[in-house]
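Next up, structure00.cif (mmCIF, C-alpha atoms and all ligand atoms):
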data_structure
#
loop_
_atom_site.label_atom_id
_atom_site.label_comp_id
_atom_site.auth_asym_id
_atom_site.auth_seq_id
_atom_site.Cartn_x
_atom_site.Cartn_y
_atom_site.Cartn_z
CA MET A 211 66.34 69.50 -92.58
CA HIS A 212 68.36 67.35 -94.92
CA LEU A 213 68.69 68.38 -98.57
CA ILE A 214 70.07 66.46 -101.51
CA ASN A 215 70.54 68.44 -104.69
CA GLN A 216 70.25 66.40 -107.82
CA GLN A 217 71.51 67.56 -111.17
CA PHE A 218 72.27 65.78 -114.39
CA SER A 219 71.95 66.43 -118.07
CA VAL A 220 71.06 64.17 -120.94
CA THR A 221 72.26 64.75 -124.45
CA TYR A 222 69.92 64.03 -127.32
CA GLU A 223 71.03 63.43 -130.85
CA PHE A 224 68.98 62.39 -133.84
CA SER A 225 69.21 62.54 -137.62
CA VAL A 226 66.66 64.00 -140.00
CA CYS A 227 67.16 62.28 -143.38
CA PHE A 228 65.64 63.30 -146.71
CA THR A 229 65.12 60.72 -149.39
CA ARG A 230 62.77 59.26 -151.98
CA ASP A 231 61.47 55.72 -152.42
CA THR A 232 62.48 54.64 -148.92
CA PHE A 233 61.47 51.02 -149.37
CA ALA A 234 63.30 50.45 -152.66
CA PRO A 235 65.58 47.52 -151.77
CA GLU A 236 68.71 49.51 -152.70
CA ASN A 237 67.78 52.53 -150.53
CA MET A 238 69.93 52.09 -147.43
CA ALA A 239 68.63 55.08 -145.43
CA LEU A 240 66.29 53.11 -143.15
CA HIS A 241 68.66 50.16 -142.91
CA ASP A 242 71.54 52.44 -141.88
CA LEU A 243 69.50 54.28 -139.27
CA ILE A 244 68.45 51.04 -137.65
CA SER A 245 71.78 49.25 -137.91
CA ALA A 246 73.40 52.22 -136.13
CA ALA A 247 71.63 50.94 -133.00
CA GLY A 248 73.72 47.75 -133.03
CA ALA A 249 74.72 44.87 -135.24
CA THR A 250 71.76 42.61 -134.61
CA THR A 251 68.26 42.08 -136.00
CA HIS A 252 65.91 44.73 -134.65
CA LYS A 253 62.18 44.30 -134.30
CA VAL A 254 60.36 47.13 -136.12
CA GLN A 255 56.65 47.83 -135.76
CA PRO A 256 55.36 49.83 -138.76
CA VAL A 257 52.36 52.07 -138.12
CA ILE A 258 50.65 53.50 -141.21
CA ASP A 259 48.16 56.33 -141.74
CA SER A 260 45.05 54.82 -143.41
CA GLN A 261 44.86 57.57 -146.04
CA VAL A 262 48.52 57.20 -146.91
CA LEU A 263 47.97 53.49 -147.40
CA ALA A 264 44.88 54.13 -149.54
CA ASP A 265 46.95 56.41 -151.79
CA HIS A 266 50.04 54.17 -151.74
CA PRO A 267 48.63 50.62 -151.64
CA GLU A 268 51.96 49.20 -152.74
CA LEU A 269 53.43 50.18 -149.36
CA ILE A 270 52.65 46.94 -147.50
CA ASP A 271 54.39 44.73 -150.07
CA ALA A 272 57.29 47.16 -150.39
CA ILE A 273 57.87 47.10 -146.63
CA ALA A 274 57.69 43.32 -146.52
CA LEU A 275 60.19 43.00 -149.38
CA TYR A 276 62.54 45.52 -147.74
CA GLY A 277 62.39 43.44 -144.56
CA ASP A 278 63.18 40.24 -146.49
CA ILE A 279 66.18 41.80 -148.19
CA HIS A 280 67.52 43.49 -145.05
CA GLY A 281 66.56 40.67 -142.68
CA ASP A 282 69.97 40.75 -140.99
CA THR A 283 69.04 44.16 -139.52
CA ILE A 284 65.28 44.53 -139.67
CA ALA A 285 62.44 42.22 -138.63
CA PHE A 286 59.17 43.95 -139.47
CA GLU A 287 56.01 43.13 -137.54
CA GLU A 288 52.70 43.24 -139.40
CA PRO A 289 51.84 46.92 -140.03
CA PHE A 290 49.30 48.57 -137.72
CA ILE A 291 46.91 50.80 -139.69
CA VAL A 292 45.67 53.93 -137.93
CA ARG A 293 42.85 56.24 -139.03
CA GLY A 294 44.47 59.30 -140.59
CA GLY A 295 43.74 62.86 -139.53
CA GLU A 296 42.72 64.40 -136.21
CA ILE A 297 40.42 61.47 -135.34
CA CYS A 298 43.40 59.43 -134.10
CA LYS A 299 44.25 62.23 -131.65
CA ASN A 300 40.64 62.66 -130.53
CA ASP A 301 39.76 59.01 -130.03
CA PRO A 302 41.94 57.18 -127.48
CA ALA A 303 41.10 53.88 -129.18
CA GLU A 304 44.13 54.12 -131.46
CA VAL A 305 46.60 54.67 -128.62
CA GLU A 306 45.08 51.85 -126.58
CA GLU A 307 45.21 49.49 -129.53
CA PHE A 308 48.86 50.38 -130.05
CA LEU A 309 49.64 49.60 -126.39
CA ARG A 310 47.80 46.28 -126.58
CA LEU A 311 49.55 45.35 -129.79
CA THR A 312 53.05 46.21 -128.62
CA GLN A 313 52.45 44.27 -125.40
CA GLU A 314 51.21 41.21 -127.28
CA ARG A 315 54.01 41.34 -129.81
CA LYS A 316 56.63 41.91 -127.13
CA ILE A 317 57.89 45.12 -128.68
CA CYS A 318 60.50 46.24 -126.14
CA ARG A 319 62.50 49.40 -125.46
CA HIS A 320 65.15 48.17 -127.87
CA SER A 321 62.64 47.64 -130.67
CA PHE A 322 61.56 50.35 -133.08
CA VAL A 323 58.26 51.91 -134.01
CA LEU A 324 58.20 53.31 -137.54
CA VAL A 325 55.31 55.76 -137.92
CA ILE A 326 54.35 56.66 -141.49
CA GLY A 327 51.70 59.35 -141.76
CA GLY A 328 50.51 62.91 -141.43
CA GLY A 329 51.25 65.11 -138.43
CA SER A 330 48.20 63.74 -136.60
CA VAL A 331 49.23 60.09 -136.82
CA ILE A 332 52.83 61.06 -136.05
CA ASP A 333 51.65 62.97 -132.97
CA ALA A 334 49.30 60.28 -131.65
CA MET A 335 51.46 57.26 -132.34
CA GLY A 336 54.61 59.14 -131.30
CA TYR A 337 52.87 59.75 -127.98
CA ALA A 338 51.87 56.10 -127.73
CA ALA A 339 55.45 55.02 -128.47
CA THR A 340 56.84 57.29 -125.77
CA ILE A 341 54.54 55.95 -123.04
CA ALA A 342 54.81 52.24 -123.85
CA HIS A 343 57.66 50.91 -121.70
CA ARG A 344 58.31 54.62 -120.94
CA GLY A 345 59.62 54.94 -124.45
CA ILE A 346 60.14 52.71 -127.47
CA ARG A 347 62.57 54.02 -130.09
CA LEU A 348 60.55 56.09 -132.53
CA ILE A 349 61.34 56.68 -136.19
CA ARG A 350 59.00 59.23 -137.72
CA MET A 351 58.22 59.20 -141.43
CA PRO A 352 56.00 62.25 -141.93
CA THR A 353 54.00 62.24 -145.15
CA THR A 354 52.69 65.81 -145.30
CA VAL A 355 54.56 69.04 -145.96
CA LEU A 356 53.74 70.26 -142.45
CA GLY A 357 54.92 66.96 -141.03
CA GLN A 358 58.21 67.06 -142.89
CA ASN A 359 59.16 70.68 -142.37
CA ASP A 360 57.75 71.28 -138.87
CA ALA A 361 55.71 68.81 -136.80
CA GLY A 362 57.76 65.70 -137.55
CA VAL A 363 61.19 67.12 -136.78
CA GLY A 364 60.35 68.42 -133.29
CA VAL A 365 60.38 66.89 -129.83
CA LYS A 366 56.67 66.93 -128.99
CA ASN A 367 54.06 64.19 -129.12
CA ALA A 368 50.43 64.63 -128.17
CA ILE A 369 46.80 63.61 -128.32
CA ASN A 370 43.72 65.71 -127.59
CA PHE A 371 41.66 65.44 -124.42
CA ARG A 372 38.06 66.64 -123.96
CA ASN A 373 38.28 68.98 -126.94
CA ARG A 374 41.57 70.48 -125.80
CA LYS A 375 44.16 70.07 -128.52
CA ASN A 376 47.44 68.48 -127.46
CA TYR A 377 46.43 68.43 -123.78
CA VAL A 378 48.00 65.02 -123.17
CA GLY A 379 51.51 64.56 -124.42
CA THR A 380 55.21 64.17 -123.93
CA PHE A 381 58.42 65.93 -124.77
CA ALA A 382 60.47 63.10 -126.23
CA PRO A 383 62.88 63.42 -129.15
CA PRO A 384 62.57 60.67 -131.76
CA TYR A 385 65.31 58.17 -132.58
CA ALA A 386 65.33 59.55 -136.14
CA VAL A 387 63.19 61.24 -138.78
CA LEU A 388 62.99 60.01 -142.35
CA ASN A 389 61.37 62.43 -144.79
CA ASP A 390 60.40 60.76 -148.06
CA PHE A 391 59.35 63.37 -150.65
CA ASP A 392 57.55 60.78 -152.77
CA PHE A 393 54.62 60.70 -150.34
CA LEU A 394 53.80 64.35 -150.98
CA SER A 395 52.53 63.74 -154.52
CA SER A 396 49.26 62.25 -153.26
CA LEU A 397 48.39 65.28 -151.11
CA ALA A 398 45.59 67.55 -152.27
CA PRO A 399 46.92 70.87 -153.65
CA ARG A 400 45.54 72.65 -150.57
CA ASP A 401 47.52 70.41 -148.26
CA GLN A 402 50.65 70.76 -150.36
CA ARG A 403 50.36 74.53 -150.04
CA ALA A 404 49.33 74.74 -146.38
CA GLY A 405 52.63 73.48 -144.98
CA ILE A 406 54.57 76.14 -146.88
CA ALA A 407 53.20 78.71 -144.41
CA GLU A 408 55.52 77.28 -141.74
CA ALA A 409 58.50 77.94 -144.02
CA VAL A 410 57.41 81.55 -144.49
CA LYS A 411 56.96 81.79 -140.71
CA VAL A 412 60.38 80.48 -139.73
CA SER A 413 62.14 82.42 -142.49
CA LEU A 414 60.59 85.68 -141.29
CA ILE A 415 61.74 85.24 -137.70
CA ARG A 416 65.12 83.62 -138.34
CA ASP A 417 66.53 83.84 -141.85
CA GLY A 418 66.05 86.82 -144.20
CA GLU A 419 67.97 85.08 -146.97
CA PHE A 420 65.58 82.15 -146.89
CA PHE A 421 62.64 84.55 -146.96
CA ALA A 422 64.10 86.23 -150.05
CA TRP A 423 64.45 82.79 -151.62
CA LEU A 424 60.80 81.97 -150.85
CA GLU A 425 59.80 85.35 -152.24
CA SER A 426 61.61 84.73 -155.51
CA HIS A 427 60.33 81.15 -155.82
CA CYS A 428 56.65 81.64 -155.05
CA GLU A 429 55.57 80.60 -158.52
CA GLN A 430 57.53 77.35 -158.38
CA LEU A 431 56.16 76.70 -154.91
CA ALA A 432 52.62 77.54 -156.03
CA ARG A 433 53.05 74.89 -158.75
CA PHE A 434 54.61 72.56 -156.16
CA GLU A 435 57.66 71.93 -158.34
CA ASP A 436 59.94 69.24 -156.89
CA GLU A 437 63.19 71.16 -156.73
CA ALA A 438 61.72 74.22 -155.02
CA VAL A 439 59.61 72.11 -152.65
CA GLU A 440 62.58 70.01 -151.57
CA HIS A 441 64.70 73.06 -150.87
CA MET A 442 61.84 74.70 -148.96
CA ILE A 443 61.27 71.61 -146.79
CA ILE A 444 64.94 70.97 -146.03
CA ARG A 445 65.69 74.57 -145.08
CA CYS A 446 62.51 74.91 -143.03
CA ALA A 447 63.20 71.64 -141.17
CA GLU A 448 66.80 72.76 -140.61
CA LEU A 449 65.69 76.06 -139.05
CA HIS A 450 63.18 74.30 -136.79
CA VAL A 451 65.74 71.70 -135.74
CA ARG A 452 68.36 74.36 -135.08
CA HIS A 453 65.98 76.48 -133.04
CA ILE A 454 65.00 73.52 -130.87
CA GLY A 455 68.63 72.46 -130.45
CA THR A 456 70.20 75.84 -129.79
CA GLY A 457 67.33 78.11 -128.70
CA GLY A 458 67.94 77.22 -125.06
CA ASP A 459 64.46 75.91 -124.29
CA PRO A 460 63.80 72.64 -126.15
CA PHE A 461 61.16 71.48 -123.69
CA GLU A 462 59.38 74.84 -123.55
CA ARG A 463 59.77 75.69 -119.87
CA GLY A 464 59.71 79.45 -120.51
CA SER A 465 56.98 81.48 -122.18
CA ALA A 466 58.77 82.67 -125.33
CA ARG A 467 57.76 80.53 -128.29
CA PRO A 468 59.17 82.15 -131.44
CA LEU A 469 58.18 79.17 -133.61
CA ASP A 470 54.60 80.07 -132.75
CA PHE A 471 54.89 83.37 -134.64
CA GLY A 472 51.51 84.12 -136.24
CA HIS A 473 49.90 81.32 -134.27
CA TRP A 474 47.96 83.14 -131.54
CA SER A 475 45.23 84.10 -134.01
CA ALA A 476 45.78 81.05 -136.22
CA HIS A 477 44.84 78.62 -133.43
CA ARG A 478 41.62 80.52 -132.78
CA LEU A 479 40.76 80.95 -136.47
CA GLU A 480 41.17 77.21 -136.97
CA GLU A 481 38.78 76.51 -134.09
CA ILE A 482 36.21 79.04 -135.33
CA SER A 483 36.36 77.62 -138.83
CA HIS A 484 35.83 74.07 -137.52
CA THR A 485 32.73 74.99 -135.53
CA GLN A 486 31.22 77.84 -137.59
CA PHE A 487 32.30 77.17 -141.16
CA PRO A 488 32.45 73.39 -141.56
CA GLN A 489 32.20 73.82 -145.34
CA HIS A 490 35.21 76.16 -145.34
CA GLU A 491 37.42 74.68 -142.64
CA LEU A 492 40.86 76.17 -142.46
CA ARG A 493 43.89 73.93 -142.59
CA HIS A 494 46.48 74.75 -139.91
CA GLY A 495 48.89 76.22 -142.46
CA GLU A 496 46.15 78.29 -144.09
CA ALA A 497 45.32 79.78 -140.70
CA VAL A 498 49.02 80.41 -140.04
CA ALA A 499 49.30 82.33 -143.33
CA ILE A 500 46.46 84.62 -142.17
CA GLY A 501 48.06 84.89 -138.72
CA ILE A 502 51.38 85.94 -140.28
CA ALA A 503 49.62 88.56 -142.41
CA LEU A 504 47.74 89.89 -139.38
CA ASP A 505 50.81 90.18 -137.16
CA SER A 506 52.83 91.69 -140.01
CA HIS A 507 50.20 94.43 -140.38
CA TYR A 508 50.38 94.96 -136.63
CA ALA A 509 54.18 95.20 -136.75
CA ARG A 510 53.80 97.81 -139.51
CA GLN A 511 51.21 99.80 -137.52
CA MET A 512 53.47 99.79 -134.47
CA GLY A 513 56.45 100.90 -136.54
CA PHE A 514 58.45 97.67 -136.04
CA ILE A 515 58.73 97.07 -139.82
CA ASP A 516 58.48 99.35 -142.86
CA GLU A 517 55.85 99.34 -145.60
CA GLU A 518 58.13 97.63 -148.12
CA THR A 519 58.71 94.69 -145.76
CA LEU A 520 54.99 94.37 -145.14
CA MET A 521 54.26 94.33 -148.87
CA ARG A 522 56.97 91.75 -149.51
CA ILE A 523 55.37 89.45 -146.93
CA ILE A 524 51.83 89.91 -148.24
CA ASN A 525 52.89 89.45 -151.87
CA THR A 526 54.86 86.30 -151.02
CA LEU A 527 51.91 84.74 -149.20
CA HIS A 528 49.58 85.67 -152.06
CA GLY A 529 52.12 84.46 -154.61
CA ILE A 530 52.25 81.02 -152.99
CA GLY A 531 48.48 80.94 -153.28
CA PHE A 532 47.27 81.70 -149.77
CA SER A 533 44.03 83.53 -149.22
CA LEU A 534 44.58 86.09 -146.46
CA TYR A 535 40.94 86.58 -145.63
CA HIS A 536 38.53 84.08 -144.13
CA PRO A 537 35.06 84.75 -142.67
CA ALA A 538 36.31 83.30 -139.34
CA LEU A 539 38.15 86.63 -138.92
CA GLU A 540 34.76 88.30 -138.33
CA GLN A 541 34.35 86.23 -135.20
CA LEU A 542 37.88 86.57 -133.90
CA ASN A 543 37.62 87.89 -130.36
CA ILE A 544 41.09 89.38 -129.90
CA PRO A 545 41.23 89.52 -126.06
CA GLN A 546 39.86 85.98 -125.85
CA ALA A 547 42.29 84.65 -128.45
CA LEU A 548 45.23 86.32 -126.68
CA ALA A 549 44.09 84.89 -123.33
CA GLY A 550 43.83 81.44 -124.90
CA PHE A 551 47.33 81.76 -126.30
CA ARG A 552 48.70 82.89 -122.94
CA GLU A 553 47.19 79.77 -121.39
CA HIS A 554 48.77 77.68 -124.15
CA LEU A 555 52.17 79.22 -123.33
CA GLY A 556 51.60 78.52 -119.67
CA GLY A 557 52.98 81.79 -118.34
CA ALA A 558 53.04 85.45 -119.20
CA LEU A 559 51.82 86.65 -122.59
CA CYS A 560 54.70 86.56 -125.00
CA ILE A 561 54.02 87.24 -128.66
CA THR A 562 56.68 87.16 -131.36
CA MET A 563 56.62 90.25 -133.58
CA LEU A 564 58.74 90.94 -136.64
CA THR A 565 61.34 93.67 -136.65
CA GLY A 566 62.32 92.87 -140.24
CA ALA A 567 62.07 90.13 -142.86
CA GLY A 568 64.32 87.75 -140.92
CA SER A 569 64.34 89.18 -137.41
CA ALA A 570 61.90 89.30 -134.53
CA LYS A 571 61.38 90.30 -130.93
CA GLU A 572 59.01 89.28 -128.15
CA VAL A 573 56.31 91.63 -126.89
CA SER A 574 54.31 91.15 -123.70
CA GLU A 575 51.39 93.41 -124.60
CA ILE A 576 49.19 93.84 -127.63
CA ASP A 577 47.29 97.05 -128.34
CA GLU A 578 43.92 95.45 -129.02
CA ALA A 579 42.46 98.50 -130.82
CA VAL A 580 45.40 98.53 -133.24
CA MET A 581 45.06 94.77 -133.74
CA GLU A 582 41.37 95.27 -134.51
CA GLN A 583 42.33 97.79 -137.23
CA CYS A 584 44.68 95.19 -138.67
CA VAL A 585 41.83 92.67 -138.88
CA GLN A 586 39.95 95.35 -140.85
CA ARG A 587 42.90 95.62 -143.23
CA LEU A 588 42.70 91.89 -143.95
CA ARG A 589 39.13 92.49 -145.19
CA ASP A 590 40.70 94.31 -148.15
CA TYR A 591 42.13 90.97 -149.25
CA GLN A 592 38.69 89.41 -149.81
N1 LIG B 1 54.13 67.78 -132.52
C1 LIG B 1 54.31 68.97 -133.04
O1 LIG B 1 55.29 69.65 -132.77
C2 LIG B 1 53.30 69.50 -134.00
C3 LIG B 1 53.57 70.70 -134.68
C4 LIG B 1 52.63 71.16 -135.60
C5 LIG B 1 51.46 70.43 -135.83
N2 LIG B 1 51.24 69.27 -135.15
C6 LIG B 1 50.00 68.50 -135.34
O2 LIG B 1 49.97 67.98 -136.66
C7 LIG B 1 48.60 67.74 -137.01
C8 LIG B 1 48.35 68.19 -138.43
O3 LIG B 1 49.16 67.43 -139.26
P1 LIG B 1 49.05 67.50 -140.86
O4 LIG B 1 48.90 68.90 -141.29
O5 LIG B 1 50.19 66.69 -141.35
O6 LIG B 1 47.65 66.83 -141.17
P2 LIG B 1 47.02 65.39 -140.84
O7 LIG B 1 47.99 64.46 -140.28
O8 LIG B 1 45.79 65.64 -140.04
O9 LIG B 1 46.65 64.87 -142.29
C9 LIG B 1 45.59 65.44 -143.05
C10 LIG B 1 44.97 64.37 -143.94
O10 LIG B 1 45.90 63.97 -144.95
C11 LIG B 1 46.07 62.56 -144.95
N3 LIG B 1 47.43 62.33 -145.44
C12 LIG B 1 48.60 62.33 -144.76
N4 LIG B 1 49.63 62.16 -145.59
C13 LIG B 1 49.10 62.00 -146.84
C14 LIG B 1 49.66 61.79 -148.12
N5 LIG B 1 50.98 61.72 -148.31
N6 LIG B 1 48.82 61.69 -149.18
C15 LIG B 1 47.46 61.78 -149.00
N7 LIG B 1 46.88 62.00 -147.81
C16 LIG B 1 47.69 62.11 -146.75
C17 LIG B 1 45.76 62.13 -143.53
O11 LIG B 1 45.32 60.79 -143.47
C18 LIG B 1 44.63 63.10 -143.17
O12 LIG B 1 43.42 62.59 -143.64
C19 LIG B 1 47.76 68.51 -135.99
O13 LIG B 1 47.15 67.60 -135.11
C20 LIG B 1 48.76 69.35 -135.23
O14 LIG B 1 48.39 69.57 -133.90
C21 LIG B 1 52.13 68.80 -134.25
ZN ZN B 2 52.19 75.70 -136.94
#
In structure tokens, how does this file's structure come out?
Amino acid sequence: MHLINQQFSVTYEFSVCFTRDTFAPENMALHDLISAAGATTHKVQPVIDSQVLADHPELIDAIALYGDIHGDTIAFEEPFIVRGGEICKNDPAEVEEFLRLTQERKICRHSFVLVIGGGSVIDAMGYAATIAHRGIRLIRMPTTVLGQNDAGVGVKNAINFRNRKNYVGTFAPPYAVLNDFDFLSSLAPRDQRAGIAEAVKVSLIRDGEFFAWLESHCEQLARFEDEAVEHMIIRCAELHVRHIGTGGDPFERGSARPLDFGHWSAHRLEEISHTQFPQHELRHGEAVAIGIALDSHYARQMGFIDEETLMRIINTLHGIGFSLYHPALEQLNIPQALAGFREHLGGALCITMLTGAGSAKEVSEIDEAVMEQCVQRLRDYQ
């Protein structure tokens, strides 16, 4: 036998910038990100979410003008418009069209793809960008709260395959992330609120001070006031970025997935609502809020947290405007949902449970009878 052991490591580094009015000629954020790749003119392929374009029709002209003014650094290709929402992850047509287009336009590994859109478009086109040429530099510009504080700042890209969400995908950090708060104004109030659930989630497992801040600013957040929203997004993104960078498992090889706190039931509730309650479909964040409430009740029942902590969590979620009951709960099959989550983790069951408002631990077993009682408790919130 002859054995060669191979080992090397690769360091990733990327910036997450927060700004407004990205394409105002005097805003140098995008210019500076791109010029950091070298003092030459870089080809940039914009990709835009169709709904974002419908709500911000001035975008095309603004991009073109920005390219004219910063022509020494940026050469924009004609924007590629992608259907917004989950459709672009379900239908491979968008990814194929992207591949055809980049081939025809000779977009190379040194060019850039600038994806402007919700988490779905970011996921699908991020995936497409990472497979073309085995990876074209990707700049994400998420336009939803969830995109800016969670999905867009991570290292995952994916599309769906035969009804399995995110079955096909890559772990590939972006070149940079540019979060422009101005896009958020065109979101429906429900969508503005939904993404805040991820901030509550990450604060509860990682940062008690941030949770206390969310608790004391629920009214401002419920009204979606700029100052509070910006702070919430920046801190939430920071905690996600830090966890991925320093948590020891950026590419999710193990089974522990603390950022999926509250998600085992949320994933299932989302699916049930899509199939059984098409008139009352849950947004991801809305399902996560219910999932957080459910697992917080469980943590209380098991004696991991005290009553005061539980009430603080419930009141904060209510204060932000979340409804903590949905008829999909009636069809939540706990063993099945846990089994589905275990499959999603790809190993042993590992569920994050709170030990306080800002601390958590992993458990490998769930007492299903106790969890069932907790579902009953959520009925009180109808
Ligand atoms: N890669 C990851 O780590 C990760 C993490 C969490 C979620 N996700 C994925 O993100 C997706 C959900 O993303 P989302 O919550 O951003 O929703 P979304 O992208 O599906 O967008 C929802 C709707 O809002 C529209 N929209 C987007 N921005 C808008 C704006 N500024 N104004 C008006 N309309 C706008 C979209 O066109 C779409 O119709 C899911 O597919 C989920 O799997 C990925
Ligand atoms: Zn989530």
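Distance-wise, CA of Tyr385 (chain A) and CA of Arg416 (chain A) end up 26.1 Å apart.
Of the listed residues (A:Ala382, A:Val573, A:Ile341, A:Leu527), A:Ala382 comes nearest to Tyr222 (chain A); the distances count only C-alpha atoms.
All residues of protein, DNA or RNA that reach within 6 Å of region 254-258 of chain A, judged by only C-alpha atoms and not counting those fewer than 4 positions away in the chain, are A:Ala285, A:Phe286, A:Glu287, A:Pro289, A:Phe290, A:Ile291, A:Val292, A:Ser321, A:Phe322, A:Val323, A:Leu324, A:Val325, A:Ile326, A:Gly327.
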Mind listing the residues within 9 Å of ligand LIG 1 (chain B), all atoms listed in the file counted, as a PDB file with C-alpha atoms, in the coordinates of the input?
ATOM      1  CA  ASP A 259      48.160  56.330-141.740  1.00  0.00           C
ATOM      2  CA  SER A 260      45.050  54.820-143.410  1.00  0.00           C
ATOM      3  CA  GLN A 261      44.860  57.570-146.040  1.00  0.00           C
ATOM      4  CA  VAL A 262      48.520  57.200-146.910  1.00  0.00           C
ATOM      5  CA  LEU A 263      47.970  53.490-147.400  1.00  0.00           C
ATOM      6  CA  ALA A 264      44.880  54.130-149.540  1.00  0.00           C
ATOM      7  CA  ASP A 265      46.950  56.410-151.790  1.00  0.00           C
ATOM      8  CA  HIS A 266      50.040  54.170-151.740  1.00  0.00           C
ATOM      9  CA  VAL A 292      45.670  53.930-137.930  1.00  0.00           C
ATOM     10  CA  ARG A 293      42.850  56.240-139.030  1.00  0.00           C
ATOM     11  CA  GLY A 294      44.470  59.300-140.590  1.00  0.00           C
ATOM     12  CA  GLY A 295      43.740  62.860-139.530  1.00  0.00           C
ATOM     13  CA  GLU A 296      42.720  64.400-136.210  1.00  0.00           C
ATOM     14  CA  ILE A 297      40.420  61.470-135.340  1.00  0.00           C
ATOM     15  CA  CYS A 298      43.400  59.430-134.100  1.00  0.00           C
ATOM     16  CA  LYS A 299      44.250  62.230-131.650  1.00  0.00           C
ATOM     17  CA  ILE A 326      54.350  56.660-141.490  1.00  0.00           C
ATOM     18  CA  GLY A 327      51.700  59.350-141.760  1.00  0.00           C
ATOM     19  CA  GLY A 328      50.510  62.910-141.430  1.00  0.00           C
ATOM     20  CA  GLY A 329      51.250  65.110-138.430  1.00  0.00           C
ATOM     21  CA  SER A 330      48.200  63.740-136.600  1.00  0.00           C
ATOM     22  CA  VAL A 331      49.230  60.090-136.820  1.00  0.00           C
ATOM     23  CA  ILE A 332      52.830  61.060-136.050  1.00  0.00           C
ATOM     24  CA  ASP A 333      51.650  62.970-132.970  1.00  0.00           C
ATOM     25  CA  ALA A 334      49.300  60.280-131.650  1.00  0.00           C
ATOM     26  CA  GLY A 336      54.610  59.140-131.300  1.00  0.00           C
ATOM     27  CA  PRO A 352      56.000  62.250-141.930  1.00  0.00           C
ATOM     28  CA  THR A 353      54.000  62.240-145.150  1.00  0.00           C
ATOM     29  CA  THR A 354      52.690  65.810-145.300  1.00  0.00           C
ATOM     30  CA  VAL A 355      54.560  69.040-145.960  1.00  0.00           C
ATOM     31  CA  LEU A 356      53.740  70.260-142.450  1.00  0.00           C
ATOM     32  CA  GLY A 357      54.920  66.960-141.030  1.00  0.00           C
ATOM     33  CA  GLN A 358      58.210  67.060-142.890  1.00  0.00           C
ATOM     34  CA  ASP A 360      57.750  71.280-138.870  1.00  0.00           C
ATOM     35  CA  ALA A 361      55.710  68.810-136.800  1.00  0.00           C
ATOM     36  CA  GLY A 362      57.760  65.700-137.550  1.00  0.00           C
ATOM     37  CA  VAL A 363      61.190  67.120-136.780  1.00  0.00           C
ATOM     38  CA  GLY A 364      60.350  68.420-133.290  1.00  0.00           C
ATOM     39  CA  VAL A 365      60.380  66.890-129.830  1.00  0.00           C
ATOM     40  CA  LYS A 366      56.670  66.930-128.990  1.00  0.00           C
ATOM     41  CA  ASN A 367      54.060  64.190-129.120  1.00  0.00           C
ATOM     42  CA  ALA A 368      50.430  64.630-128.170  1.00  0.00           C
ATOM     43  CA  ILE A 369      46.800  63.610-128.320  1.00  0.00           C
ATOM     44  CA  ASN A 370      43.720  65.710-127.590  1.00  0.00           C
ATOM     45  CA  LYS A 375      44.160  70.070-128.520  1.00  0.00           C
ATOM     46  CA  ASN A 376      47.440  68.480-127.460  1.00  0.00           C
ATOM     47  CA  PHE A 391      59.350  63.370-150.650  1.00  0.00           C
ATOM     48  CA  ASP A 392      57.550  60.780-152.770  1.00  0.00           C
ATOM     49  CA  PHE A 393      54.620  60.700-150.340  1.00  0.00           C
ATOM     50  CA  LEU A 394      53.800  64.350-150.980  1.00  0.00           C
ATOM     51  CA  SER A 395      52.530  63.740-154.520  1.00  0.00           C
ATOM     52  CA  SER A 396      49.260  62.250-153.260  1.00  0.00           C
ATOM     53  CA  LEU A 397      48.390  65.280-151.110  1.00  0.00           C
ATOM     54  CA  ALA A 398      45.590  67.550-152.270  1.00  0.00           C
ATOM     55  CA  ASP A 401      47.520  70.410-148.260  1.00  0.00           C
ATOM     56  CA  ALA A 404      49.330  74.740-146.380  1.00  0.00           C
ATOM     57  CA  GLY A 405      52.630  73.480-144.980  1.00  0.00           C
ATOM     58  CA  ARG A 493      43.890  73.930-142.590  1.00  0.00           C
ATOM     59  CA  HIS A 494      46.480  74.750-139.910  1.00  0.00           C
ATOM     60  CA  GLY A 495      48.890  76.220-142.460  1.00  0.00           C
TER      61      GLY A 495
END
Could you check which of A:Ile530, A:Ile444, A:Ile544, A:Leu424 is closest to Phe228 (chain A), using only C-alpha atoms?
-> A:Ile444
Within 12 Å of Ala407 (chain A) using only C-alpha atoms, minus same-chain residues under 6 positions, as a PyMOL selection string = chain A and resi 355-356+359-360+400-401+413-414+421+424+428+431-432+442-443+446+469-473+476+493-503+523-524+526-534
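Our summary of the geometry notes that CA of Val410 (chain A) is positioned 9.0 Å from CA of Glu425 (chain A).
The two atoms in question, CA of Arg478 (chain A) and CA of Met563 (chain A), are spaced 17.9 Å apart.
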Using all atoms listed in the file, which of the listed residues (A:Thr221, A:Thr312, A:Thr251, A:Gln216) sits closest to Ala342 (chain A)?
-> A:Thr312
Pick the closest to Gly455 (chain A) from A:Ile482, A:Phe308, A:Pro383, A:Tyr591: which is it, counting all atoms listed in the file?
-> A:Pro383
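For region 343-345 of chain A, the set of protein, DNA and RNA residues having any atom at most 8 Å away, when counting only C-alpha atoms and skipping those fewer than 2 positions along the same chain, is Cys318, Arg319, Ala339, Thr340, Ile341 and Arg347 of chain A.
Minimum atom-to-atom distance to ligand ZN 2 (chain B), evaluated using all atoms listed in the file, belongs to A:Lys411 out of A:Lys571, A:His554, A:Lys411, A:Arg452.
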